[in-house]
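Beneath this line is the structure, given in structure tokens, with notes to follow.
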Amino acid sequence: MKIEFVTSAGAAEVLAVLVHEGRVLYGMGPQLDTATSGALTKAMSASRFTGGSNSTLVVAAPAGVDAGIILLSGAGDAGKFDDLALEAAAGAAYHAVKLSGAAALTIDAQALTADQAARAAFAARLAAYRFLKYRTTLKPEKTPSIETIRVVAADVKAADAAYAAYSAVATAVEFARDLVAEPANVLYPEEYAKRVKALEKLGLEVEVLGEKELEKLGFRTLLAVGQGSVRDSQVVIMKWNGGKKGDQPIAFVGKGVTFDTGGISIKPADGMEDMKWDMGGSAAVVGLMHALAGRKAKVNVIGVIGLVENMPDGAAQRPGDVVMSLSGQSVEILNTDAEGRLVLADCLWYTQERFKPKFMLDLATLTGAMIVALGLEYAGVFSNSDELANNFLAAGPKVGENAWRMPIPAFYERHIDTPIADVKNTGNGRAGGSITAALFLQRFTNGTPWAHIDIAPTAWVKDSRNPTVPDGAVGWGVRTLDRMVADNYES
């Protein structure tokens with residue numbers, strides 16, 4: 001998608017104008033209404049369009065203006081108009097005309113700040129994302145025609161400068177979405193590691209550990225998950241050194257199960273195809289590192305992702321096996337479908353031991369129980385640090401990603417105790433499954449400030465109501481993490 005900032009709408013194919021609730025035209029709207037002898041007011045009066053959020057109205061070829069189409073895009077209540085309302089309006093404008101045949105969409109942001117103009121372009125770009133890599137017979141009328149987003153800004157130079165950081169984040173979100181959307185026969189651990197390694201061109205340092213190195217280091221719970229697959233497991237370490245030399249880094253860890261059959265504890269066939277996105281947590285971490293490098297963030301950050309495929313063959317781990325983790329703690333495997341925590345256990349321990357970070361934050365599509373607890377709109381947050389949890393929770397609403405803090409009571413520890421080993425990988429039955437999973441992870445943090453984000457509800461969406469989020473891969477977490485880092489940890 002090409003993004004341009006311009007001083008005037010000119011002869012726009014499609015010109016989008018914001019309208020607040022109550023049919024209140026904004027920006028150049030009143031001027032256009034006058035030029036068209038009240039055509040915009042008449043069109044609104046003759047329809048149900050009132051300017052509500054995520055609503056649009058097309059006014060075709062009104063006399064008196066050069067625009068072929070004037071698109072009225074609802075911005076909601078003027079008193080509640082904020083960044084997210086602007087994003088929704090810009091995203092909705094794109095969706096309203098994406099199949100129209102027009103090649104360019106012009107958005108009126110002349111009355112907005114330079115940052116808001118940049119954000120409108122950013123939102124339209126996110127709205128335009130589609131994963132069409134494998135579509136070979138898509139009919140032209142079903143293919144989006146918009147190739148250029150033009151934003152009319154009062155200060156083009158300032159808007160263009162502000163857009164640089166937004167563009168870096170948009171590229172990172174798109175990269176994360178692509179990773180999650182890829183089928184598992186294409187994106188397996190080694191291929192995934194290659195794609196991350198290629199990000200060194202952005203200035204990241206990337207280190208890939210293969211199975212021989214992992215075995216030597218003692219990543220045995222992670223390797224146990226992948227031992228039933230013909231694909232080699234990998235751990236990828238990313239470093240962004242944008243802060244002062246010697247400053248203690250912050251660290252992010254992601255679960256990267258590129259496909260999850262459940263192993264010997266095999267999942268039902270219905271819906272198993274969705275398990276290609278069981279690496280959504282790792283995609284969020286990769287997306288964050290991509291964004292930080294892209295906008296040259298002034299902070300030192302470590303990203304660690306554990307990449308495995310969980311398959312059931314003659315070499316697969318069994319329920320009842322006992323495995324020695326990198327931490328030295330023994331783990332009884334009661335359910336091979338509780339595999340993500342085994343991957344994270346070794347990655348968390350390695351991260352805190354090698355890098356001594358200020359904190360660790362992990363993301364994982366970890367438990368179905370999280371969906372039961374919070375539905376499909378919220379991720380769960382578990383943490384041993386109020387400060388860390390609050391910083392994450394404060395960032396989410398600013399970018400439209402919802403999360404809710406969950407308890408990790410010490411008296412639930414008994415549910416993951418077992419007489420045969422130091423810990424078992426599931427609790428006692430279905431009760432509190434997300435909590436016992438978090439408590440399991442906490443045993444591998446060694447007292448480091450830590451937060452666990454269970455994104456099972458939010459990594460993939462089948463009926464998106466957000467104009468900037470497509471059905472399918474969300475890239476959830478990239479924007480929240482980037483905002484959290486920018487607000488709290490950059491020098």
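Letters A, B, ... mark the chains of the structure tokens in the order given; residue numbers begin at 1 per chain; ligand numbers begin at 1, in order shown.
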
Cut-off 9 Å: closest range 68-150 of chain A/range 469-489 of chain A atom pairs per residue, using only C-alpha atoms, as JSON lines:
```
{"residue": "A:Gly91", "atom": "CA", "partner": "A:Val469", "partner_atom": "CA", "distance": 8.9}
{"residue": "A:Leu126", "atom": "CA", "partner": "A:Val469", "partner_atom": "CA", "distance": 6.9}
{"residue": "A:Ala127", "atom": "CA", "partner": "A:Val469", "partner_atom": "CA", "distance": 6.2}
{"residue": "A:Ala128", "atom": "CA", "partner": "A:Pro470", "partner_atom": "CA", "distance": 8.4}
{"residue": "A:Tyr129", "atom": "CA", "partner": "A:Pro470", "partner_atom": "CA", "distance": 7.0}
{"residue": "A:Arg130", "atom": "CA", "partner": "A:Pro470", "partner_atom": "CA", "distance": 7.2}
{"residue": "A:Phe131", "atom": "CA", "partner": "A:Ala473", "partner_atom": "CA", "distance": 8.8}
```

Pull all heavy atoms from the residues just selected and write them as a JSON list (two decimals), in the first residue's frame.
```
[["chain", "number", "residue", "atom", "x", "y", "z"],
["A", 91, "GLY", "N", -10.18, 3.18, 8.99],
["A", 91, "GLY", "CA", -10.27, 1.78, 8.57],
["A", 91, "GLY", "C", -11.60, 1.48, 7.89],
["A", 91, "GLY", "O", -11.65, 0.78, 6.86],
["A", 126, "LEU", "N", -3.38, -0.74, 7.98],
["A", 126, "LEU", "CA", -3.69, -1.97, 8.72],
["A", 126, "LEU", "C", -4.99, -2.58, 8.22],
["A", 126, "LEU", "O", -5.12, -3.81, 8.13],
["A", 126, "LEU", "CB", -3.80, -1.67, 10.22],
["A", 126, "LEU", "CG", -2.51, -1.34, 10.96],
["A", 126, "LEU", "CD1", -2.80, -1.14, 12.45],
["A", 126, "LEU", "CD2", -1.45, -2.43, 10.78],
["A", 127, "ALA", "N", -5.96, -1.74, 7.89],
["A", 127, "ALA", "CA", -7.24, -2.23, 7.40],
["A", 127, "ALA", "C", -7.08, -2.95, 6.06],
["A", 127, "ALA", "O", -7.82, -3.88, 5.74],
["A", 127, "ALA", "CB", -8.23, -1.07, 7.25],
["A", 128, "ALA", "N", -6.09, -2.53, 5.28],
["A", 128, "ALA", "CA", -5.90, -3.07, 3.94],
["A", 128, "ALA", "C", -5.20, -4.43, 3.93],
["A", 128, "ALA", "O", -5.12, -5.07, 2.88],
["A", 128, "ALA", "CB", -5.10, -2.08, 3.10],
["A", 129, "TYR", "N", -4.71, -4.88, 5.07],
["A", 129, "TYR", "CA", -3.97, -6.15, 5.10],
["A", 129, "TYR", "C", -4.87, -7.32, 4.69],
["A", 129, "TYR", "O", -5.99, -7.48, 5.20],
["A", 129, "TYR", "CB", -3.41, -6.41, 6.51],
["A", 129, "TYR", "CG", -2.77, -7.78, 6.62],
["A", 129, "TYR", "CD1", -1.44, -7.96, 6.28],
["A", 129, "TYR", "CD2", -3.51, -8.89, 7.02],
["A", 129, "TYR", "CE1", -0.85, -9.22, 6.34],
["A", 129, "TYR", "CE2", -2.93, -10.15, 7.08],
["A", 129, "TYR", "CZ", -1.60, -10.31, 6.74],
["A", 129, "TYR", "OH", -1.03, -11.57, 6.79],
["A", 130, "ARG", "N", -4.37, -8.13, 3.80],
["A", 130, "ARG", "CA", -5.02, -9.40, 3.46],
["A", 130, "ARG", "C", -3.92, -10.41, 3.15],
["A", 130, "ARG", "O", -2.91, -10.08, 2.53],
["A", 130, "ARG", "CB", -5.93, -9.27, 2.22],
["A", 130, "ARG", "CG", -7.12, -8.37, 2.43],
["A", 130, "ARG", "CD", -8.01, -8.37, 1.18],
["A", 130, "ARG", "NE", -8.97, -9.47, 1.21],
["A", 130, "ARG", "CZ", -9.68, -9.86, 0.14],
["A", 130, "ARG", "NH1", -9.52, -9.24, -1.01],
["A", 130, "ARG", "NH2", -10.55, -10.84, 0.23],
["A", 131, "PHE", "N", -4.12, -11.65, 3.57],
["A", 131, "PHE", "CA", -3.15, -12.71, 3.29],
["A", 131, "PHE", "C", -3.62, -13.46, 2.05],
["A", 131, "PHE", "O", -4.44, -14.37, 2.13],
["A", 131, "PHE", "CB", -3.02, -13.65, 4.49],
["A", 131, "PHE", "CG", -1.89, -14.64, 4.37],
["A", 131, "PHE", "CD1", -0.58, -14.23, 4.57],
["A", 131, "PHE", "CD2", -2.13, -15.97, 4.04],
["A", 131, "PHE", "CE1", 0.48, -15.13, 4.46],
["A", 131, "PHE", "CE2", -1.09, -16.88, 3.93],
["A", 131, "PHE", "CZ", 0.22, -16.45, 4.13]]
```

### Message
Just list as an NGL selection string whatever in range 227-461 of chain A DSSP marks as helix (DSSP H, G or I).
### Response
:A and (272-277 or 280-294 or 340-355 or 368-374 or 386-399 or 410-416 or 433-442)

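Proximity ranking of A:Ile420, A:Leu222, A:Arg414, A:Gly271 relative to Leu342 in chain A places A:Leu222 first, based on only C-alpha atoms.
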
Counting only C-alpha atoms, what is within 12 Å of range 316-318 of chain A, bar same-chain residues fewer than 3 positions away, as an mmCIF file with all heavy atoms, in the first residue's frame?
```
data_model
loop_
_atom_site.group_PDB
_atom_site.id
_atom_site.type_symbol
_atom_site.label_atom_id
_atom_site.label_comp_id
_atom_site.auth_asym_id
_atom_site.auth_seq_id
_atom_site.Cartn_x
_atom_site.Cartn_y
_atom_site.Cartn_z
ATOM 1 N N ARG A 220 15.651 -29.674 27.655
ATOM 2 C CA ARG A 220 15.047 -30.995 27.453
ATOM 3 C C ARG A 220 13.528 -30.984 27.475
ATOM 4 O O ARG A 220 12.894 -31.820 26.837
ATOM 5 C CB ARG A 220 15.598 -31.976 28.495
ATOM 6 C CG ARG A 220 17.077 -32.258 28.277
ATOM 7 C CD ARG A 220 17.653 -33.288 29.208
ATOM 8 N NE ARG A 220 19.091 -33.421 28.967
ATOM 9 C CZ ARG A 220 20.026 -32.694 29.557
ATOM 10 N NH1 ARG A 220 19.677 -31.772 30.444
ATOM 11 N NH2 ARG A 220 21.297 -32.866 29.273
ATOM 12 N N THR A 221 12.902 -30.037 28.216
ATOM 13 C CA THR A 221 11.436 -30.011 28.152
ATOM 14 C C THR A 221 10.984 -29.469 26.801
ATOM 15 O O THR A 221 9.980 -29.936 26.237
ATOM 16 C CB THR A 221 10.819 -29.176 29.290
ATOM 17 O OG1 THR A 221 11.322 -27.842 29.260
ATOM 18 C CG2 THR A 221 11.100 -29.798 30.650
ATOM 19 N N LEU A 222 11.703 -28.494 26.245
ATOM 20 C CA LEU A 222 11.364 -27.998 24.912
ATOM 21 C C LEU A 222 11.582 -29.093 23.864
ATOM 22 O O LEU A 222 10.711 -29.341 23.017
ATOM 23 C CB LEU A 222 12.226 -26.776 24.587
ATOM 24 C CG LEU A 222 11.994 -26.106 23.237
ATOM 25 C CD1 LEU A 222 12.234 -24.601 23.334
ATOM 26 C CD2 LEU A 222 12.905 -26.666 22.137
ATOM 27 N N LEU A 223 12.726 -29.768 23.926
ATOM 28 C CA LEU A 223 13.015 -30.810 22.951
ATOM 29 C C LEU A 223 12.052 -31.984 23.064
ATOM 30 O O LEU A 223 11.720 -32.617 22.062
ATOM 31 C CB LEU A 223 14.459 -31.301 23.120
ATOM 32 C CG LEU A 223 15.540 -30.299 22.699
ATOM 33 C CD1 LEU A 223 16.915 -30.799 23.110
ATOM 34 C CD2 LEU A 223 15.500 -30.044 21.203
ATOM 35 N N ALA A 224 11.573 -32.260 24.270
ATOM 36 C CA ALA A 224 10.630 -33.362 24.460
ATOM 37 C C ALA A 224 9.334 -33.116 23.688
ATOM 38 O O ALA A 224 8.713 -34.051 23.173
ATOM 39 C CB ALA A 224 10.331 -33.556 25.941
ATOM 40 N N VAL A 225 8.928 -31.844 23.586
ATOM 41 C CA VAL A 225 7.709 -31.517 22.842
ATOM 42 C C VAL A 225 7.889 -31.834 21.361
ATOM 43 O O VAL A 225 6.992 -32.374 20.709
ATOM 44 C CB VAL A 225 7.339 -30.032 23.014
ATOM 45 C CG1 VAL A 225 6.146 -29.671 22.130
ATOM 46 C CG2 VAL A 225 7.031 -29.715 24.469
ATOM 47 N N GLY A 226 9.062 -31.526 20.824
ATOM 48 C CA GLY A 226 9.294 -31.689 19.395
ATOM 49 C C GLY A 226 9.806 -33.045 18.981
ATOM 50 O O GLY A 226 9.993 -33.284 17.780
ATOM 51 N N GLN A 227 10.032 -33.958 19.914
ATOM 52 C CA GLN A 227 10.696 -35.207 19.554
ATOM 53 C C GLN A 227 9.817 -36.143 18.714
ATOM 54 O O GLN A 227 10.325 -37.074 18.089
ATOM 55 C CB GLN A 227 11.210 -35.917 20.804
ATOM 56 C CG GLN A 227 10.151 -36.515 21.696
ATOM 57 C CD GLN A 227 10.713 -37.011 23.031
ATOM 58 O OE1 GLN A 227 11.636 -36.406 23.594
ATOM 59 N NE2 GLN A 227 10.174 -38.113 23.541
ATOM 60 N N GLY A 228 8.513 -35.860 18.659
ATOM 61 C CA GLY A 228 7.636 -36.671 17.815
ATOM 62 C C GLY A 228 7.539 -36.156 16.394
ATOM 63 O O GLY A 228 6.841 -36.739 15.563
ATOM 64 N N SER A 229 8.233 -35.077 16.073
ATOM 65 C CA SER A 229 8.159 -34.468 14.750
ATOM 66 C C SER A 229 9.434 -34.719 13.958
ATOM 67 O O SER A 229 10.529 -34.801 14.526
ATOM 68 C CB SER A 229 7.948 -32.948 14.875
ATOM 69 O OG SER A 229 8.045 -32.329 13.613
ATOM 70 N N VAL A 230 9.305 -34.804 12.637
ATOM 71 C CA VAL A 230 10.490 -34.919 11.789
ATOM 72 C C VAL A 230 11.174 -33.566 11.633
ATOM 73 O O VAL A 230 12.296 -33.485 11.141
ATOM 74 C CB VAL A 230 10.123 -35.471 10.396
ATOM 75 C CG1 VAL A 230 9.589 -36.891 10.506
ATOM 76 C CG2 VAL A 230 9.122 -34.569 9.680
ATOM 77 N N THR A 261 -0.780 -30.784 17.263
ATOM 78 C CA THR A 261 -1.775 -31.867 17.200
ATOM 79 C C THR A 261 -2.245 -32.282 18.585
ATOM 80 O O THR A 261 -3.234 -32.981 18.728
ATOM 81 C CB THR A 261 -1.184 -33.114 16.530
ATOM 82 O OG1 THR A 261 -0.144 -33.636 17.372
ATOM 83 C CG2 THR A 261 -0.637 -32.807 15.150
ATOM 84 N N GLY A 262 -1.495 -31.856 19.609
ATOM 85 C CA GLY A 262 -1.713 -32.345 20.955
ATOM 86 C C GLY A 262 -0.766 -33.473 21.320
ATOM 87 O O GLY A 262 -0.671 -33.881 22.466
ATOM 88 N N GLY A 263 -0.069 -34.005 20.307
ATOM 89 C CA GLY A 263 0.830 -35.123 20.559
ATOM 90 C C GLY A 263 0.038 -36.399 20.836
ATOM 91 O O GLY A 263 -1.038 -36.621 20.270
ATOM 92 N N ILE A 264 0.548 -37.242 21.701
ATOM 93 C CA ILE A 264 -0.152 -38.491 22.051
ATOM 94 C C ILE A 264 -1.529 -38.180 22.656
ATOM 95 O O ILE A 264 -2.511 -38.888 22.410
ATOM 96 C CB ILE A 264 0.693 -39.338 23.022
ATOM 97 C CG1 ILE A 264 2.010 -39.758 22.357
ATOM 98 C CG2 ILE A 264 -0.081 -40.572 23.489
ATOM 99 C CD1 ILE A 264 1.856 -40.603 21.111
ATOM 100 N N SER A 265 -1.616 -37.104 23.415
ATOM 101 C CA SER A 265 -2.916 -36.638 23.933
ATOM 102 C C SER A 265 -3.590 -35.830 22.825
ATOM 103 O O SER A 265 -3.809 -34.625 22.941
ATOM 104 C CB SER A 265 -2.710 -35.779 25.184
ATOM 105 O OG SER A 265 -1.944 -36.456 26.153
ATOM 106 N N ILE A 266 -3.933 -36.511 21.746
ATOM 107 C CA ILE A 266 -4.279 -35.826 20.496
ATOM 108 C C ILE A 266 -5.583 -35.049 20.605
ATOM 109 O O ILE A 266 -6.528 -35.457 21.286
ATOM 110 C CB ILE A 266 -4.336 -36.855 19.339
ATOM 111 C CG1 ILE A 266 -4.280 -36.142 17.988
ATOM 112 C CG2 ILE A 266 -5.550 -37.764 19.453
ATOM 113 C CD1 ILE A 266 -3.916 -37.059 16.828
ATOM 114 N N GLU A 309 7.319 -28.336 16.768
ATOM 115 C CA GLU A 309 6.093 -28.890 16.209
ATOM 116 C C GLU A 309 5.698 -30.073 17.082
ATOM 117 O O GLU A 309 6.525 -30.945 17.358
ATOM 118 C CB GLU A 309 6.334 -29.335 14.761
ATOM 119 C CG GLU A 309 5.083 -29.797 14.045
ATOM 120 C CD GLU A 309 5.349 -30.178 12.600
ATOM 121 O OE1 GLU A 309 6.095 -31.156 12.367
ATOM 122 O OE2 GLU A 309 4.803 -29.515 11.701
ATOM 123 N N ASN A 310 4.451 -30.105 17.518
ATOM 124 C CA ASN A 310 3.992 -31.143 18.445
ATOM 125 C C ASN A 310 3.218 -32.211 17.677
ATOM 126 O O ASN A 310 2.066 -32.000 17.307
ATOM 127 C CB ASN A 310 3.098 -30.519 19.524
ATOM 128 C CG ASN A 310 2.741 -31.495 20.637
ATOM 129 O OD1 ASN A 310 3.420 -32.503 20.839
ATOM 130 N ND2 ASN A 310 1.682 -31.199 21.366
ATOM 131 N N MET A 311 3.878 -33.343 17.434
ATOM 132 C CA MET A 311 3.298 -34.401 16.600
ATOM 133 C C MET A 311 3.300 -35.746 17.339
ATOM 134 O O MET A 311 4.126 -35.987 18.212
ATOM 135 C CB MET A 311 4.103 -34.535 15.301
ATOM 136 C CG MET A 311 4.127 -33.277 14.445
ATOM 137 S SD MET A 311 2.533 -32.910 13.683
ATOM 138 C CE MET A 311 2.537 -34.104 12.363
ATOM 139 N N PRO A 312 2.388 -36.645 16.954
ATOM 140 C CA PRO A 312 2.326 -37.959 17.613
ATOM 141 C C PRO A 312 2.924 -39.067 16.742
ATOM 142 O O PRO A 312 2.277 -39.577 15.846
ATOM 143 C CB PRO A 312 0.811 -38.176 17.760
ATOM 144 C CG PRO A 312 0.222 -37.500 16.553
ATOM 145 C CD PRO A 312 1.167 -36.397 16.149
ATOM 146 N N ASP A 313 4.171 -39.423 16.983
ATOM 147 C CA ASP A 313 4.696 -40.601 16.299
ATOM 148 C C ASP A 313 5.364 -41.516 17.319
ATOM 149 O O ASP A 313 5.248 -41.301 18.531
ATOM 150 C CB ASP A 313 5.622 -40.210 15.151
ATOM 151 C CG ASP A 313 7.054 -39.882 15.576
ATOM 152 O OD1 ASP A 313 7.295 -39.703 16.788
ATOM 153 O OD2 ASP A 313 7.916 -39.800 14.693
ATOM 154 N N ASP A 321 5.608 -39.603 31.269
ATOM 155 C CA ASP A 321 7.051 -39.399 31.172
ATOM 156 C C ASP A 321 7.502 -38.355 32.182
ATOM 157 O O ASP A 321 6.739 -37.451 32.554
ATOM 158 C CB ASP A 321 7.444 -38.916 29.780
ATOM 159 C CG ASP A 321 7.429 -40.017 28.731
ATOM 160 O OD1 ASP A 321 7.094 -41.166 29.092
ATOM 161 O OD2 ASP A 321 7.738 -39.721 27.565
ATOM 162 N N VAL A 322 8.747 -38.462 32.623
ATOM 163 C CA VAL A 322 9.370 -37.446 33.465
ATOM 164 C C VAL A 322 10.573 -36.893 32.719
ATOM 165 O O VAL A 322 11.423 -37.647 32.239
ATOM 166 C CB VAL A 322 9.786 -38.013 34.831
ATOM 167 C CG1 VAL A 322 10.558 -36.958 35.635
ATOM 168 C CG2 VAL A 322 8.575 -38.482 35.616
ATOM 169 N N VAL A 323 10.619 -35.564 32.601
ATOM 170 C CA VAL A 323 11.674 -34.890 31.836
ATOM 171 C C VAL A 323 12.383 -33.894 32.746
ATOM 172 O O VAL A 323 11.752 -33.214 33.560
ATOM 173 C CB VAL A 323 11.065 -34.152 30.618
ATOM 174 C CG1 VAL A 323 12.163 -33.505 29.788
ATOM 175 C CG2 VAL A 323 10.245 -35.108 29.762
ATOM 176 N N GLU A 332 6.801 -33.952 35.410
ATOM 177 C CA GLU A 332 6.005 -35.094 34.987
ATOM 178 C C GLU A 332 5.023 -34.633 33.913
ATOM 179 O O GLU A 332 4.286 -33.668 34.102
ATOM 180 C CB GLU A 332 5.230 -35.689 36.165
ATOM 181 C CG GLU A 332 4.431 -36.926 35.766
ATOM 182 C CD GLU A 332 3.555 -37.475 36.890
ATOM 183 O OE1 GLU A 332 3.289 -36.728 37.860
ATOM 184 O OE2 GLU A 332 3.122 -38.634 36.794
ATOM 185 N N ILE A 333 5.017 -35.333 32.794
ATOM 186 C CA ILE A 333 4.140 -34.990 31.677
ATOM 187 C C ILE A 333 2.847 -35.784 31.820
ATOM 188 O O ILE A 333 2.816 -36.991 31.562
ATOM 189 C CB ILE A 333 4.804 -35.309 30.319
ATOM 190 C CG1 ILE A 333 6.229 -34.750 30.260
ATOM 191 C CG2 ILE A 333 3.941 -34.792 29.181
ATOM 192 C CD1 ILE A 333 6.342 -33.264 30.455
ATOM 193 N N LEU A 334 1.785 -35.123 32.238
ATOM 194 C CA LEU A 334 0.498 -35.811 32.340
ATOM 195 C C LEU A 334 -0.309 -35.691 31.054
ATOM 196 O O LEU A 334 -1.092 -36.579 30.737
ATOM 197 C CB LEU A 334 -0.315 -35.249 33.511
ATOM 198 C CG LEU A 334 0.209 -35.532 34.912
ATOM 199 C CD1 LEU A 334 -0.827 -35.108 35.947
ATOM 200 C CD2 LEU A 334 0.541 -37.009 35.089
ATOM 201 N N ASN A 335 -0.118 -34.601 30.343
ATOM 202 C CA ASN A 335 -0.876 -34.357 29.123
ATOM 203 C C ASN A 335 0.056 -33.741 28.095
ATOM 204 O O ASN A 335 0.583 -32.640 28.313
ATOM 205 C CB ASN A 335 -2.053 -33.413 29.419
ATOM 206 C CG ASN A 335 -2.994 -33.244 28.246
ATOM 207 O OD1 ASN A 335 -2.587 -33.319 27.094
ATOM 208 N ND2 ASN A 335 -4.266 -33.002 28.535
ATOM 209 N N THR A 336 0.275 -34.420 26.992
ATOM 210 C CA THR A 336 1.214 -33.897 25.988
ATOM 211 C C THR A 336 0.640 -32.711 25.228
ATOM 212 O O THR A 336 1.363 -32.050 24.477
ATOM 213 C CB THR A 336 1.619 -34.995 24.985
ATOM 214 O OG1 THR A 336 0.461 -35.411 24.247
ATOM 215 C CG2 THR A 336 2.225 -36.186 25.701
ATOM 216 N N ASP A 337 -0.658 -32.432 25.424
ATOM 217 C CA ASP A 337 -1.257 -31.251 24.807
ATOM 218 C C ASP A 337 -1.073 -30.004 25.666
ATOM 219 O O ASP A 337 -1.451 -28.915 25.261
ATOM 220 C CB ASP A 337 -2.749 -31.499 24.535
ATOM 221 C CG ASP A 337 -3.353 -30.460 23.613
ATOM 222 O OD1 ASP A 337 -2.593 -29.865 22.818
ATOM 223 O OD2 ASP A 337 -4.575 -30.233 23.672
ATOM 224 N N ALA A 338 -0.482 -30.155 26.829
ATOM 225 C CA ALA A 338 -0.089 -29.000 27.644
ATOM 226 C C ALA A 338 1.391 -28.755 27.384
ATOM 227 O O ALA A 338 2.227 -28.817 28.284
ATOM 228 C CB ALA A 338 -0.370 -29.262 29.117
ATOM 229 N N GLU A 339 1.694 -28.509 26.103
ATOM 230 C CA GLU A 339 3.085 -28.484 25.645
ATOM 231 C C GLU A 339 3.707 -27.098 25.651
ATOM 232 O O GLU A 339 4.917 -26.956 25.789
ATOM 233 C CB GLU A 339 3.181 -29.091 24.240
ATOM 234 C CG GLU A 339 2.910 -28.161 23.071
ATOM 235 C CD GLU A 339 1.506 -27.570 23.057
ATOM 236 O OE1 GLU A 339 0.554 -28.217 23.547
ATOM 237 O OE2 GLU A 339 1.343 -26.438 22.561
ATOM 238 N N LEU A 342 5.877 -26.225 28.508
ATOM 239 C CA LEU A 342 7.162 -26.931 28.518
ATOM 240 C C LEU A 342 8.187 -26.189 27.665
ATOM 241 O O LEU A 342 9.362 -26.099 28.012
ATOM 242 C CB LEU A 342 6.978 -28.360 27.999
ATOM 243 C CG LEU A 342 5.968 -29.231 28.746
ATOM 244 C CD1 LEU A 342 5.828 -30.590 28.070
ATOM 245 C CD2 LEU A 342 6.381 -29.402 30.207
#
```

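Among A:Ala168, A:Ala9, A:Leu138, A:Leu57, the residue with the shortest atom-to-atom distance to Arg295 in chain A, counting only C-alpha atoms, is A:Ala168.
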
#### Entry: Selection: 8 Å around Ile250 in chain A, only C-alpha atoms, excl. self and same-chain fewer than 3 positions, as a ChimeraX atom specification
/A:300-302,357-360

Pull N, CA and C atoms from the residues just selected and write them as an mmCIF file, in the first residue's frame.
```cif
data_model
loop_
_atom_site.group_PDB
_atom_site.id
_atom_site.type_symbol
_atom_site.label_atom_id
_atom_site.label_comp_id
_atom_site.auth_asym_id
_atom_site.auth_seq_id
_atom_site.Cartn_x
_atom_site.Cartn_y
_atom_site.Cartn_z
ATOM 1 N N ASN A 300 17.424 -1.373 25.197
ATOM 2 C CA ASN A 300 18.042 -2.677 24.969
ATOM 3 C C ASN A 300 17.014 -3.770 25.238
ATOM 4 N N VAL A 301 16.769 -4.608 24.248
ATOM 5 C CA VAL A 301 15.709 -5.608 24.352
ATOM 6 C C VAL A 301 16.195 -6.961 23.859
ATOM 7 N N ILE A 302 15.783 -7.982 24.573
ATOM 8 C CA ILE A 302 16.033 -9.366 24.183
ATOM 9 C C ILE A 302 14.702 -10.009 23.808
ATOM 10 N N PRO A 357 17.710 -9.938 32.774
ATOM 11 C CA PRO A 357 16.901 -8.780 32.375
ATOM 12 C C PRO A 357 16.209 -8.103 33.556
ATOM 13 N N LYS A 358 15.754 -6.855 33.319
ATOM 14 C CA LYS A 358 14.951 -6.154 34.321
ATOM 15 C C LYS A 358 13.661 -6.910 34.583
ATOM 16 N N PHE A 359 13.093 -7.450 33.521
ATOM 17 C CA PHE A 359 11.881 -8.250 33.639
ATOM 18 C C PHE A 359 11.791 -9.183 32.442
ATOM 19 N N MET A 360 10.943 -10.189 32.560
ATOM 20 C CA MET A 360 10.592 -11.054 31.435
ATOM 21 C C MET A 360 9.080 -11.003 31.264
#
```

### Task
Check the DSSP output for the backbone and give back, as a list in words, the residues of range 42-190 of chain A in strand (DSSP E or B).
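These are the residues in question: Thr56, Leu57, Val58, Val59, Ala60, Ile69, Ile70, Leu71, Leu72, Ser73, Gly74, Ala75, Gly76, Ala104, Leu105, Thr106, Ile107, Asp108, Ala109, Thr148, Ile149, Arg150, Val151, Val152 and Ala153 of chain A.
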
Range 56-163 of chain A residues near range 24-27 of chain A within 9 Å, closest pair each, using only C-alpha atoms, as CSV:
```
residue,atom,partner,partner_atom,distance
A:Leu72,CA,A:Leu25,CA,8.5
A:Ala78,CA,A:Val24,CA,8.7
A:Asp108,CA,A:Gly27,CA,7.0
A:Ala109,CA,A:Gly27,CA,7.0
A:Gln110,CA,A:Gly27,CA,6.5
A:Ala111,CA,A:Gly27,CA,5.2
A:Leu112,CA,A:Gly27,CA,8.0
```

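Considering only C-alpha atoms, the residue among A:Ile305, A:Ala284, A:Ile146, A:Ala373 positioned nearest to Leu209 in chain A is A:Ile305.
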
#### Entry: Spatial neighbours of Glu353 in chain A, max dist 10 Å, only C-alpha atoms, sep filter under 5 positions, as a list in words
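Residues meeting the cut-off are Ser327, Cys347, Leu348, Thr445, Asn446 and Thr448 of chain A.
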
Store the residues picked out above in a file with N, CA and C atoms, as a compact mmCIF listing (two decimals), in the first residue's frame.
```txt
# COMPACT_ATOMS: atom_id res chain seq x y z
N SER A 327 16.23 -25.85 34.06
CA SER A 327 16.38 -25.30 35.41
C SER A 327 16.88 -26.32 36.42
N CYS A 347 12.77 -21.77 27.94
CA CYS A 347 13.11 -20.46 27.38
C CYS A 347 13.18 -19.38 28.46
N LEU A 348 12.24 -19.42 29.40
CA LEU A 348 12.25 -18.45 30.50
C LEU A 348 13.51 -18.61 31.35
N THR A 445 10.94 -18.84 36.60
CA THR A 445 11.35 -17.44 36.47
C THR A 445 12.45 -17.05 37.44
N ASN A 446 12.70 -17.87 38.44
CA ASN A 446 13.79 -17.65 39.40
C ASN A 446 13.68 -16.30 40.11
N THR A 448 12.66 -13.46 38.97
CA THR A 448 12.73 -12.29 38.09
C THR A 448 11.34 -11.68 37.93
```

### Query
So, counting only C-alpha atoms, which residue among A:Phe5, A:Trp450, A:Phe81, A:Phe219 is closest to Glu387 in chain A?
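Smallest distance to Glu387 in chain A is found for A:Trp450.
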